Number of protein chains: 2
Amino acid sequence: MSDAFIEKLKILVVDDELAIRRYLRTALAPHAHEIIETDNGEDALIQCATHHPDLLILDLNLPGINGITVTQRLREWSEVPIIILSVQDQDTAKIEALDAGADDYLTKPFSVGELMARMRVALRHRKNEVTEPVFETGKLVVNLSTRIVTVDGEEVQLTPTEYDLLKVFVKYAGRVITHQQMLKEVRGAGYQTEIHLLRVHVSNLRQKIEDDPTNPQYIRTEAGVGYRLMA
Amino acid sequence: MSDAFIEKLKILVVDDELAIRRYLRTALAPHAHEIIETDNGEDALIQCATHHPDLLILDLNLPGINGITVTQRLREWSEVPIIILSVQDQDTAKIEALDAGADDYLTKPFSVGELMARMRVALRHRKNEVTEPVFETGKLVVNLSTRIVTVDGEEVQLTPTEYDLLKVFVKYAGRVITHQQMLKEVRGAGYQTEIHLLRVHVSNLRQKIEDDPTNPQYIRTEAGVGYRLMA
DNA sequence: ACTCCATATTGATACTTTCTTGATGCGATG
DNA sequence: CATCGCATCAAGAAAGTATCAATATGGAGT
């Protein structure tokens, strides 16, 4: 019965230890339709964008960008279930990973049975809404996995904050985002007085992505409330 | 930031040890809106049916029906997130609980930080399934989460106060709202003399959402009393 | 440690929208 | 037919917004 959940699935295993990958492949192969492997974070992000796996098994300690970063980057556009595997058992590590967007956290050594049970839980939650890592509206294209933004085919160069802003706009595309909300998303908590700052950045962003910044067609301003990216 | 997820929530704690319940209450109280407790499975099921908590923290070893059974029974009609707490660390127990429908499983002793992080994960999942709160009457549609108001499919631009007014109208849809009540809702306390102001705003609102503002079909005037939004 | 550069922040100012107030007209009621 | 409650209009006040320019900051490279 329980196996039914994880049949015909594409699973991406990210771990730098070959032994672990082999072990997982052996354990999962009889149940999973397809298993993809990689040993680093950069490649994991690429694999996710190209293969759209149904589930991710992710080691925390990776060469290059670590598991937390992979999780955060992925969560910018994907809701694929992520199960973290790690040797670290401190609760701070767990909290950080879970808050970064992971769905579960297992400490090595782990039992395959438990892993598979937790995989079933993770898959139960997502009715697999496949989101494309590309947002498009009018001539504006935002590729969330490569972080490339183009207008009418031409790439525009955005500063980090400008991109962060745009990312939030995309996340809430079509909806109104209040100044407070926006500041909370891109900064942390100490917002409030920084509305002016937000305006400047939005203005700069408009200069770069709008055909006519005076008459914005993408980022509309909702007077007295905030902004809104047209969908 | 992360606390935002678990604000204004109703949490049901099911454990037969008073000490654990007390401990959880102390730990969660600053974050959760309301905490309900019970020490047995039968009551847990009743509490869920009557109070509809947002999350369940459930001990596995209970007098009477055990945690597994509670989970199974609950899953027959409810999708409330369930986090299992247990002294048992064997993977068979975990697998059984997770497959019964639990969303997570923590072994005692646990760290409150980790519990709360896992609660956030559980609530995150739940959030995706909640449908948007939309009010509809005639050709008027008010989407309270996106702040978009449409009449006959066409979007109307409302000023902040106009929207605030409409929000209150929706809140008391079908019922009469006195001028005083309305002023108290949208302003604070110093109301009373501002009835004229209210009229102006209502008038403006009508111009925007009514087909024939002279003959309002949505916002009716209750002479001598106040207004009423037709439901 | 220093310089330089891109970016972030702050300040100033012109501009736009929204709020508020007072004036006016309408219609029902006693 | 005078009065009251209501709706609407219009103009000034207040609040919110866009943009340019000046200064501060932080990180990369030397």
# chains A, B, ... in the order shown; residues from 1 in each chain; ligands from 1
$ interface_residues --of "chain A" --to "chain C" --cutoff "10 Å" --atoms "only C-alpha atoms (C1' of nucleotides)" --output "compact mmCIF listing (two decimals) with N, CA and C atoms, in the first residue's frame"
# COMPACT_ATOMS: atom_id res chain seq x y z
N THR A 159 20.50 45.32 -10.07
CA THR A 159 21.31 45.22 -8.86
C THR A 159 20.65 44.20 -7.94
N PRO A 160 21.39 43.70 -6.95
CA PRO A 160 20.82 42.69 -6.05
C PRO A 160 19.47 43.09 -5.44
N THR A 161 19.37 44.30 -4.92
CA THR A 161 18.09 44.69 -4.33
C THR A 161 16.99 44.81 -5.36
N GLU A 194 11.34 52.98 6.14
CA GLU A 194 12.15 52.89 4.93
C GLU A 194 11.33 52.90 3.65
N HIS A 196 10.57 55.39 1.81
CA HIS A 196 11.21 56.23 0.81
C HIS A 196 12.25 55.43 0.02
N LEU A 197 12.99 54.65 0.76
CA LEU A 197 14.02 53.81 0.16
C LEU A 197 13.40 52.87 -0.87
N VAL A 200 12.60 54.63 -4.10
CA VAL A 200 13.77 54.87 -4.95
C VAL A 200 14.12 53.60 -5.73
N HIS A 201 14.11 52.47 -5.02
CA HIS A 201 14.46 51.23 -5.69
C HIS A 201 13.43 50.85 -6.76
N ALA A 223 -1.99 53.72 -5.10
CA ALA A 223 -1.79 54.86 -4.22
C ALA A 223 -2.33 54.59 -2.81
N GLY A 224 -1.51 54.93 -1.87
CA GLY A 224 -1.91 54.78 -0.47
C GLY A 224 -1.76 53.39 0.07
$ closest_atom_pairs --of "chain A" --to "chain B" --cutoff "6 Å" --atoms "only C-alpha atoms" --output "JSON lines"
{"residue": "A:Asp91", "atom": "CA", "partner": "B:Glu114", "partner_atom": "CA", "distance": 5.6}
{"residue": "A:Ile95", "atom": "CA", "partner": "B:Ala117", "partner_atom": "CA", "distance": 5.4}
{"residue": "A:Glu114", "atom": "CA", "partner": "B:Asp91", "partner_atom": "CA", "distance": 5.7}
{"residue": "A:Ala117", "atom": "CA", "partner": "B:Ile95", "partner_atom": "CA", "distance": 5.4}
{"residue": "A:Arg175", "atom": "CA", "partner": "B:Thr146", "partner_atom": "CA", "distance": 4.7}
{"residue": "A:Val176", "atom": "CA", "partner": "B:Thr146", "partner_atom": "CA", "distance": 5.8}
{"residue": "A:Gly224", "atom": "CA", "partner": "B:Pro160", "partner_atom": "CA", "distance": 5.9}
$ atom_distance --atom1 "atom CA of Leu144 of chain A" --atom2 "atom CA of Glu155 of chain B"
28.8 Å
$ residues_around --residues "Glu154 of chain B" --least-positions-apart "3" --cutoff "10 Å" --atoms "only C-alpha atoms (C1' of nucleotides)" --output "PyMOL selection string"
chain B and resi 139-141+149-151+157
$ write_last_selection --atoms "N, CA and C atoms" --output "PDB file, in the first residue's frame"
ATOM      1  N   LYS B 139     -22.810  41.457  -9.331  1.00  0.00           N
ATOM      2  CA  LYS B 139     -21.645  41.555 -10.207  1.00  0.00           C
ATOM      3  C   LYS B 139     -20.415  42.063  -9.459  1.00  0.00           C
ATOM      4  N   LEU B 140     -20.604  42.278  -8.164  1.00  0.00           N
ATOM      5  CA  LEU B 140     -19.507  42.810  -7.345  1.00  0.00           C
ATOM      6  C   LEU B 140     -18.697  41.675  -6.718  1.00  0.00           C
ATOM      7  N   VAL B 141     -17.388  41.715  -6.933  1.00  0.00           N
ATOM      8  CA  VAL B 141     -16.502  40.716  -6.351  1.00  0.00           C
ATOM      9  C   VAL B 141     -15.388  41.420  -5.579  1.00  0.00           C
ATOM     10  N   VAL B 149     -10.910  44.546  -6.433  1.00  0.00           N
ATOM     11  CA  VAL B 149     -12.366  44.662  -6.491  1.00  0.00           C
ATOM     12  C   VAL B 149     -12.792  44.758  -7.941  1.00  0.00           C
ATOM     13  N   THR B 150     -13.739  43.928  -8.341  1.00  0.00           N
ATOM     14  CA  THR B 150     -14.219  43.971  -9.712  1.00  0.00           C
ATOM     15  C   THR B 150     -15.734  44.085  -9.742  1.00  0.00           C
ATOM     16  N   VAL B 151     -16.234  44.747 -10.772  1.00  0.00           N
ATOM     17  CA  VAL B 151     -17.669  44.821 -11.030  1.00  0.00           C
ATOM     18  C   VAL B 151     -17.879  44.338 -12.454  1.00  0.00           C
ATOM     19  N   GLN B 157     -10.661  50.856  -9.325  1.00  0.00           N
ATOM     20  CA  GLN B 157      -9.600  51.367  -8.459  1.00  0.00           C
ATOM     21  C   GLN B 157     -10.227  52.067  -7.267  1.00  0.00           C
TER      22      GLN B 157
END
$ select_by_dssp --residues "segment 47-202 of chain B" --states "alpha helix (DSSP H)" --output "VMD selection string"
chain B and resid 47 to 51 67 to 75 91 to 100 112 to 129 160 to 171 179 to 186 195 to 202
$ atom_distance --atom1 "atom CA of Val13 of chain A" --atom2 "atom CA of Ile35 of chain A"
7.2 Å
$ interface_residues --of "chain D" --to "chain B" --cutoff "10 Å" --atoms "only C-alpha atoms (C1' of nucleotides)" --output "NGL selection string"
:D and (5-8)
$ atom_distance --atom1 "atom C1' of DA13 of chain D" --atom2 "atom CA of Leu165 of chain B"
22.1 Å
$ residues_around --residues "Pro53 of chain A" --least-positions-apart "6" --cutoff "9 Å" --atoms "only C-alpha atoms (C1' of nucleotides)" --output "ChimeraX atom specification"
/A:9-12,35-36,47,80
$ write_last_selection --atoms "C-alpha atoms" --output "PDB file, in the first residue's frame"
ATOM      1  CA  LEU A   9       8.524   9.357  -9.397  1.00  0.00           C
ATOM      2  CA  LYS A  10      11.586  11.314 -10.287  1.00  0.00           C
ATOM      3  CA  ILE A  11      13.867  11.750  -7.321  1.00  0.00           C
ATOM      4  CA  LEU A  12      16.949  13.894  -7.202  1.00  0.00           C
ATOM      5  CA  ILE A  35      16.652   8.555  -9.773  1.00  0.00           C
ATOM      6  CA  ILE A  36      18.930  11.424 -10.658  1.00  0.00           C
ATOM      7  CA  GLN A  47      18.894  19.585 -12.508  1.00  0.00           C
ATOM      8  CA  VAL A  80       9.312  20.633  -4.793  1.00  0.00           C
TER       9      VAL A  80
END
$ residues_around --residues "Arg228 of chain B" --least-positions-apart "2" --cutoff "12 Å" --atoms "only C-alpha atoms (C1' of nucleotides)" --output "PyMOL selection string"
chain B and resi 165-166+168-179+181-182+202+216-223+225-226+230-231
$ write_last_selection --atoms "C-alpha atoms" --output "PDB file, in the first residue's frame"
ATOM      1  CA  LEU B 165     -15.151  51.083   3.980  1.00  0.00           C
ATOM      2  CA  LEU B 166     -15.968  48.292   1.587  1.00  0.00           C
ATOM      3  CA  VAL B 168     -16.261  46.746   6.726  1.00  0.00           C
ATOM      4  CA  PHE B 169     -19.364  46.505   4.571  1.00  0.00           C
ATOM      5  CA  VAL B 170     -18.299  43.021   3.559  1.00  0.00           C
ATOM      6  CA  LYS B 171     -17.612  42.111   7.167  1.00  0.00           C
ATOM      7  CA  TYR B 172     -21.168  42.964   8.097  1.00  0.00           C
ATOM      8  CA  ALA B 173     -22.692  42.022   4.745  1.00  0.00           C
ATOM      9  CA  GLY B 174     -26.462  41.853   4.878  1.00  0.00           C
ATOM     10  CA  ARG B 175     -26.610  43.645   8.190  1.00  0.00           C
ATOM     11  CA  VAL B 176     -27.154  47.303   8.887  1.00  0.00           C
ATOM     12  CA  ILE B 177     -24.118  49.294   9.943  1.00  0.00           C
ATOM     13  CA  THR B 178     -24.744  52.485  11.838  1.00  0.00           C
ATOM     14  CA  HIS B 179     -22.700  55.541  11.034  1.00  0.00           C
ATOM     15  CA  GLN B 181     -20.189  51.744  14.017  1.00  0.00           C
ATOM     16  CA  MET B 182     -18.657  52.392  10.629  1.00  0.00           C
ATOM     17  CA  VAL B 202     -19.768  56.276   0.548  1.00  0.00           C
ATOM     18  CA  PRO B 216     -27.753  51.770  -5.389  1.00  0.00           C
ATOM     19  CA  GLN B 217     -28.168  48.019  -5.522  1.00  0.00           C
ATOM     20  CA  TYR B 218     -25.175  47.107  -3.363  1.00  0.00           C
ATOM     21  CA  ILE B 219     -24.815  49.797  -0.726  1.00  0.00           C
ATOM     22  CA  ARG B 220     -28.297  50.647   0.434  1.00  0.00           C
ATOM     23  CA  THR B 221     -29.084  53.590   2.666  1.00  0.00           C
ATOM     24  CA  GLU B 222     -31.039  52.810   5.790  1.00  0.00           C
ATOM     25  CA  ALA B 223     -32.493  56.215   6.490  1.00  0.00           C
ATOM     26  CA  VAL B 225     -29.625  54.574  10.815  1.00  0.00           C
ATOM     27  CA  GLY B 226     -26.767  53.902   8.468  1.00  0.00           C
ATOM     28  CA  MET B 230     -26.773  43.599   0.215  1.00  0.00           C
ATOM     29  CA  ALA B 231     -25.672  39.975   0.461  1.00  0.00           C
TER      30      ALA B 231
END
$ select_by_dssp --residues "segment 92-156 of chain A" --states "strand (DSSP E or B)" --output "MDAnalysis selection string"
chainID A and resid 104:107 134:137 140:143 148:151 154:156
$ residues_around --residues "Leu45 of chain B" --least-positions-apart "3" --cutoff "7 Å" --atoms "only C-alpha atoms (C1' of nucleotides)" --output "ChimeraX atom specification"
/B:41-42,48-49,70,74
$ write_last_selection --atoms "C-alpha atoms" --output "tab-separated table (two decimals), in the first residue's frame"
chain	number	residue	atom	x	y	z
B	41	GLY	CA	-7.50	10.40	22.83
B	42	GLU	CA	-11.27	10.31	23.08
B	48	CYS	CA	-11.01	18.68	17.21
B	49	ALA	CA	-14.60	18.36	16.12
B	70	VAL	CA	-6.48	9.16	17.06
B	74	LEU	CA	-9.02	12.19	12.58
